[in-house]
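One structure below.
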Amino acid sequence: MRFYKMKKIFLLLGIIMSNIFYANANDIKHFSLQSPDKKIKAEITVSDSIVYDVRFNNSLVLNSSGISMTLNKAVIGKNCSIKNIHTKTVNQTIDFINGKFDKLKDNYNELTIDFDNNYSVIFRAYDEGIAYRFVTNFSDSIKVMHEQADFNIVHPTSAIVAETDNYTAWELSYTYPSFSKIPEDKHAITPALFTDKNGTRIVIAESDVLDYPGMYLQKSNNTMQGLWANYPSKTVMGSWGNFVSVVKERAPYIAYTKGSRSFPWRIVMVTNDDKSLLTNELVYKLATPCQLQNTNWIKPGKAAWEWWHDALLPGADIPSGMDNRTTQLYNYYVDFAAKNHLEYMMIDAGWSNVYDIQKPNPKIDIRAVISHAKSEHVGVFLWCVATSLLKNLDANLDYIKSLGAAGLKVDFFDRDDQLAIASMEQIAKAAAARHLMIDFHGCTKPTGLQRAYPDILNYEAVRGQECDKWDTTANPEHHLTFIFTRMLGGPLDYTPGGMRNKTKADFKPIGEGLPSVMGTRCHELAMYVVFDQPLAMLCDAPTVYEKYPDVLKFLSIVPTTFDDTKVLAARVGEYALLAKRKGNDWFVGGMTNWTERNLNMDFSFLPKGKTFTAEIYSDTKDDAEDATKYNYKTITVTHETRIPLHFVSGGGMAMYIHE
């Protein structure tokens with residue numbers, strides 16, 4: 001007897017007996033899939049369509065959310081006829097390359113429903129949320145005309161969304177509307193966070209986006225619906241600098257792709273604990289596993305960087321500034337990096353012709369700079385424009401490799417349609433073949449490609465510290481927002497390290513010269529622990545850092561990837577306190593929004609029976625007037641230690657704990 005003709009059946013998932021339930025009544029099939037901890041449940045109904053509900057602690061959080069795909073030859077997810085059912089439980093440990101853990105627990109229950117007409121839908125239930133994807137098995141290529149991905153949130157009260165009216169920007173500020181005030185004429189980038197009447201957090205995200213456009217969300221009739229950029233049928237060079245590929249015409253479909261493939265995962269993360277959002281790695285877990293046989297050459301680290309402070313070196317004995325970018329100037333940065341144990345130097349725009357990577361600036365002997373850097377055990381990243389790189393990808397990468405560079409900062413994609421997404425995978429794969437690392441800028445948010453190709457260290461896709469040059473958006477409230485939203489997708493390149501720290505009242509943007517940053521000195525230091533950034537910039541001038549040896553000591557020591565992470569305290573939009581371990585040492589970062597507050601820190605994450613020294617950088621009472629002020633002290637701590645922490649408005653703290 002075929003499964004779908006049975007009245008009721010419990011399907012065994014390994015040794016777990018009650019995680020999937022199936023029932024059939026009047027040609028309507030019902031499935032229930034539970035997370036391993038049984039707190040989250042997906043209820044799938046298959047009839048002439050496919051809809052699903054999500055429950056959390058027995059409360060309905062998503063209701064009757066429809067899914068389907070309209071192809072040029074068929075509609076999948078409509079007029080459904082079930083062919084077979086497969087189930088499994090997976091409980092394994094996976095490597096987390098370049099992450100905040102060395103390993104991740106990958107534990108889920110899975111239901112696959114095969115349909116007539118050569119397609120399937122797969123649902124997974126994790127303790128962190130629910131995910132589903134379509135799989136097709138057609139012999140010919142297909143056009144995806146439209147995808148239905150509805151997220152019908154039950155009793156939503158508020159949202160944190162980054163809204164846009166185009167498909168070209170991900171460096172956005174967040175708005176905090178009540179759900180009823182979300183505009184229907186704009187769309188939001190993902191991940192996006194919603195809160196229901198019970199205080200449950202619901203995050204909508206995606207993973208494993210390959211050869212397919214990225215998903216946005218648009219509100220329609222009180223439902224958040226997936227939205228995608230249509231396939232680009234005509235592009236021209238334009239936008240700023242006339243070196244960006246701009247779409248002029250779009251086809252009436254969103255993707256033209258292989259007929260036999262898996263489509264991106266649609267994710268619904270659910271929690272009532274804000275702390276858990278800071279360790280939710282569903283996007284990574286659902287992504288394609290690492291495609292590289294050898295990753296030993298991939299080395300995360302910190303980088304000296306000249307662009308943010310206009311290459312100005314106050315007090316230096318050599319000419320500096322953007323008009324004096326020379327071999328001598330870049331060797332100065334290399335020497336600073338070497339002296340302070342920074343792994344890299346990032347050389348931004350200006351070292352070569354923006355339209356032709358293989359035409360270097362005659363004022364800079366780039367081979368000599370890289371040769372000097374190698375002699376000092378410092379790697380060099382070189383900036384380029386995506387369109388210029390892609391014009392002759394293999395030859396350009398061979399040239400970069402011949403220079404001896406460690407990697408590339410590839411900028412100005414400014415799209416996430418199918419072709420743009422495919423180009424990022426093409427670059428990552430080709431760069432990895434040459435042992436070149438990648439820092440993507442001007443790009444869409446990460447959706448797991450960094451797992452398949454861990455030569456990708458960072459994605460920008462965040463309103464970062466560069467914005468301090470022209471507005472007030474990169475502020476402490478923003479910092480305490482994107483770590484609970486954008487950072488759920490993966491690593492970011494915020495470019496921290498500003499040393500001209502200002503209070504909210506004193507900050508003014510500076511377009512040229514030496515910019516300031518919002519928040520205290522210790523708020524800025526905390527970014528190196530709180531933010532996920534395998535390649536972390538030191539955005540300010542070497543001569544400025546050298547005035548503060550204790551700060552420079554922390555920046556020299558703090559790693560960019562970790563073996564373990566503990567979230568000690570967190571509240572969306574308000575504060576975060578994290579402890580991260582590298583080897584036997586621990587690093588702590590804490591930050592608040594514009595609200596002054598007190599938190600208590602518990603050291604119980606330390607092993608019992610050992611004594612440690614904690615080097616603490618903390619706000620002072622003077623920070624209310626001068627945000628550059630900080631206290632530095634050392635104390636002895638153990639597993640039993642408890643201390644109070646005080647944060648001024650826009651404040652923070654950083655700590656290095658060692659034996």
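Residue numbers start at 1 in each chain; chains themselves are named A, B, ... in the order of the structure tokens; ligands are numbered from 1 in the order shown.
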
(Q) DSSP on the backbone: which residues in range 424-462 of chain A end up as strand (DSSP E or B)? Give the answer as a PyMOL selection string. (A) chain A and resi 437-440+456-459

Q | Residue contacts of range 59-71 of chain A (7 Å, only C-alpha atoms) excluding same-chain residues fewer than 4 positions away, as a PyMOL selection string | A | chain A and resi 50-55+75-78+142-154

Q) Which neighbours of range 165-181 of chain A fall inside 9 Å, counting only C-alpha atoms, when residues of the same chain fewer than 4 positions from it are skipped, and could you give them as a PyMOL selection string? A) chain A and resi 156-161+185-189+194-195+216+222+228-229+413-417+442-445+460-464+473-474+478+481-482

Based on the selection just made, write C-alpha atoms of those residues as a CSV table (one decimal), in the first residue's frame.
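This is the output file result14.csv:
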```csv
chain,number,residue,atom,x,y,z
A,156,PRO,CA,2.7,40.5,14.3
A,157,THR,CA,3.3,43.7,16.3
A,158,SER,CA,6.6,45.1,15.1
A,159,ALA,CA,9.4,44.7,12.6
A,160,ILE,CA,13.0,45.6,12.0
A,161,VAL,CA,13.5,45.9,8.3
A,185,ASP,CA,5.3,50.1,-2.1
A,186,LYS,CA,8.8,49.1,-0.9
A,187,HIS,CA,10.6,45.9,-0.2
A,188,ALA,CA,12.9,44.7,2.5
A,189,ILE,CA,16.2,43.0,2.3
A,194,PHE,CA,9.5,40.4,13.2
A,195,THR,CA,8.0,40.2,16.6
A,216,TYR,CA,13.4,40.4,-0.8
A,222,ASN,CA,-0.8,41.7,5.9
A,228,TRP,CA,13.0,38.7,-6.7
A,229,ALA,CA,14.7,40.8,-9.3
A,413,PHE,CA,28.4,44.5,-7.9
A,414,ASP,CA,25.3,46.5,-7.0
A,415,ARG,CA,23.0,43.7,-8.1
A,416,ASP,CA,21.7,40.4,-6.9
A,417,ASP,CA,19.8,39.1,-9.9
A,442,GLY,CA,29.1,46.6,-2.9
A,443,CYS,CA,27.4,43.2,-2.9
A,444,THR,CA,24.3,41.4,-1.8
A,445,LYS,CA,24.2,39.8,1.7
A,460,GLU,CA,30.1,44.1,3.0
A,461,ALA,CA,26.3,44.3,2.7
A,462,VAL,CA,26.0,46.5,5.8
A,463,ARG,CA,25.8,50.2,6.4
A,464,GLY,CA,29.3,50.4,7.7
A,473,THR,CA,23.5,56.3,10.3
A,474,ALA,CA,26.4,54.2,11.5
A,478,HIS,CA,22.4,50.6,14.2
A,481,THR,CA,20.4,46.1,15.3
A,482,PHE,CA,22.3,44.6,12.4
```

Show me, as a PDB file with N, CA and C atoms, in the first residue's frame, the residues that have an atom within 9 Å of Thr271 in chain A when counting only C-alpha atoms, minus same-chain residues fewer than 3 positions from it.
```pdb
ATOM      1  N   PHE A  56       5.457  27.481  17.665  1.00  0.00           N
ATOM      2  CA  PHE A  56       6.560  27.581  18.597  1.00  0.00           C
ATOM      3  C   PHE A  56       5.993  27.488  20.001  1.00  0.00           C
ATOM      4  N   GLU A 128      16.585  25.735  15.836  1.00  0.00           N
ATOM      5  CA  GLU A 128      16.643  27.173  15.562  1.00  0.00           C
ATOM      6  C   GLU A 128      15.560  27.661  14.616  1.00  0.00           C
ATOM      7  N   GLY A 129      14.862  26.742  13.912  1.00  0.00           N
ATOM      8  CA  GLY A 129      13.855  27.192  12.969  1.00  0.00           C
ATOM      9  C   GLY A 129      13.485  26.126  11.957  1.00  0.00           C
ATOM     10  N   THR A 200       7.617  36.687  20.591  1.00  0.00           N
ATOM     11  CA  THR A 200       8.421  35.738  19.825  1.00  0.00           C
ATOM     12  C   THR A 200       9.100  36.444  18.660  1.00  0.00           C
ATOM     13  N   ARG A 201      10.364  36.172  18.468  1.00  0.00           N
ATOM     14  CA  ARG A 201      11.109  36.724  17.338  1.00  0.00           C
ATOM     15  C   ARG A 201      11.021  35.764  16.156  1.00  0.00           C
ATOM     16  N   ILE A 202      10.680  36.295  14.995  1.00  0.00           N
ATOM     17  CA  ILE A 202      10.606  35.522  13.763  1.00  0.00           C
ATOM     18  C   ILE A 202      11.508  36.190  12.746  1.00  0.00           C
ATOM     19  N   VAL A 203      12.515  35.476  12.285  1.00  0.00           N
ATOM     20  CA  VAL A 203      13.450  36.012  11.291  1.00  0.00           C
ATOM     21  C   VAL A 203      13.272  35.239   9.995  1.00  0.00           C
ATOM     22  N   ASP A 274      16.557  36.454  22.739  1.00  0.00           N
ATOM     23  CA  ASP A 274      17.377  37.262  21.837  1.00  0.00           C
ATOM     24  C   ASP A 274      18.818  36.778  21.779  1.00  0.00           C
ATOM     25  N   SER A 276      19.943  33.852  21.579  1.00  0.00           N
ATOM     26  CA  SER A 276      20.120  32.752  20.627  1.00  0.00           C
ATOM     27  C   SER A 276      20.294  33.251  19.199  1.00  0.00           C
ATOM     28  N   LEU A 277      19.801  34.452  18.893  1.00  0.00           N
ATOM     29  CA  LEU A 277      19.973  34.983  17.542  1.00  0.00           C
ATOM     30  C   LEU A 277      21.453  35.205  17.209  1.00  0.00           C
TER      31      LEU A 277
END
```

Q.
Give me the residues near Val544 in chain A as a count of residues only, where near means some atom within 10 Å (using only C-alpha atoms) and where sequence neighbours in that chain fewer than 5 positions away do not count.
A. 9

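We find CA of Asp356 in chain A and CA of Val378 in chain A to be spaced 25.5 Å apart.
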
**Q.** Distance query Ala505 in chain A at most 10 Å, only C-alpha atoms, self and fewer than 6 positions along chain excluded, as a ChimeraX atom specification
**A.** /A:518,624-625

Q: Write out as a ChimeraX atom specification which residues come within 7 Å of range 562-571 of chain A when counting only C-alpha atoms, dropping same-chain ones fewer than 3 positions away.
A: /A:99-102,274-275,574-583

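Ranking A:Leu389, A:Asn458, A:Gln328, A:Asp310 by their shortest atom-to-atom distance to Ile510 in chain A, with only C-alpha atoms included, puts A:Asp310 first.
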
Q: Report the distance between CA of Lys409 in chain A and CA of Val385 in chain A in Å, rounded to one decimal place.
A: 8.4 Å

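As for CA of Asn392 in chain A and CA of Tyr355 in chain A, they are spaced 11.5 Å apart.
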
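Considering only C-alpha atoms, the residue among A:Leu599, A:Ile113, A:Leu104, A:Met537 positioned nearest to Gln92 in chain A is A:Leu104.
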
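Distance annotation: of A:Asn331, A:Ser207, A:Ser516, A:Ser649, the residue with the minimal separation from Tyr132 in chain A is A:Ser207; atom set is only C-alpha atoms.
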
**Q.** Nearest residue to Gln291 in chain A from the set A:Lys502, A:His372, A:Arg266, A:Arg451 (distances using only C-alpha atoms)
**A.** A:Arg451

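Minimum atom-to-atom distances from A:Ala654, A:Thr636, A:Ile364, A:Leu342 to Ala536 in chain A were compared using only C-alpha atoms, and the lowest value belongs to A:Leu342.
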
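Using only C-alpha atoms, the nearest neighbour of Asn396 in chain A within the list A:Gly490, A:Gln225, A:Gln358, A:Ala433 is A:Gln358.
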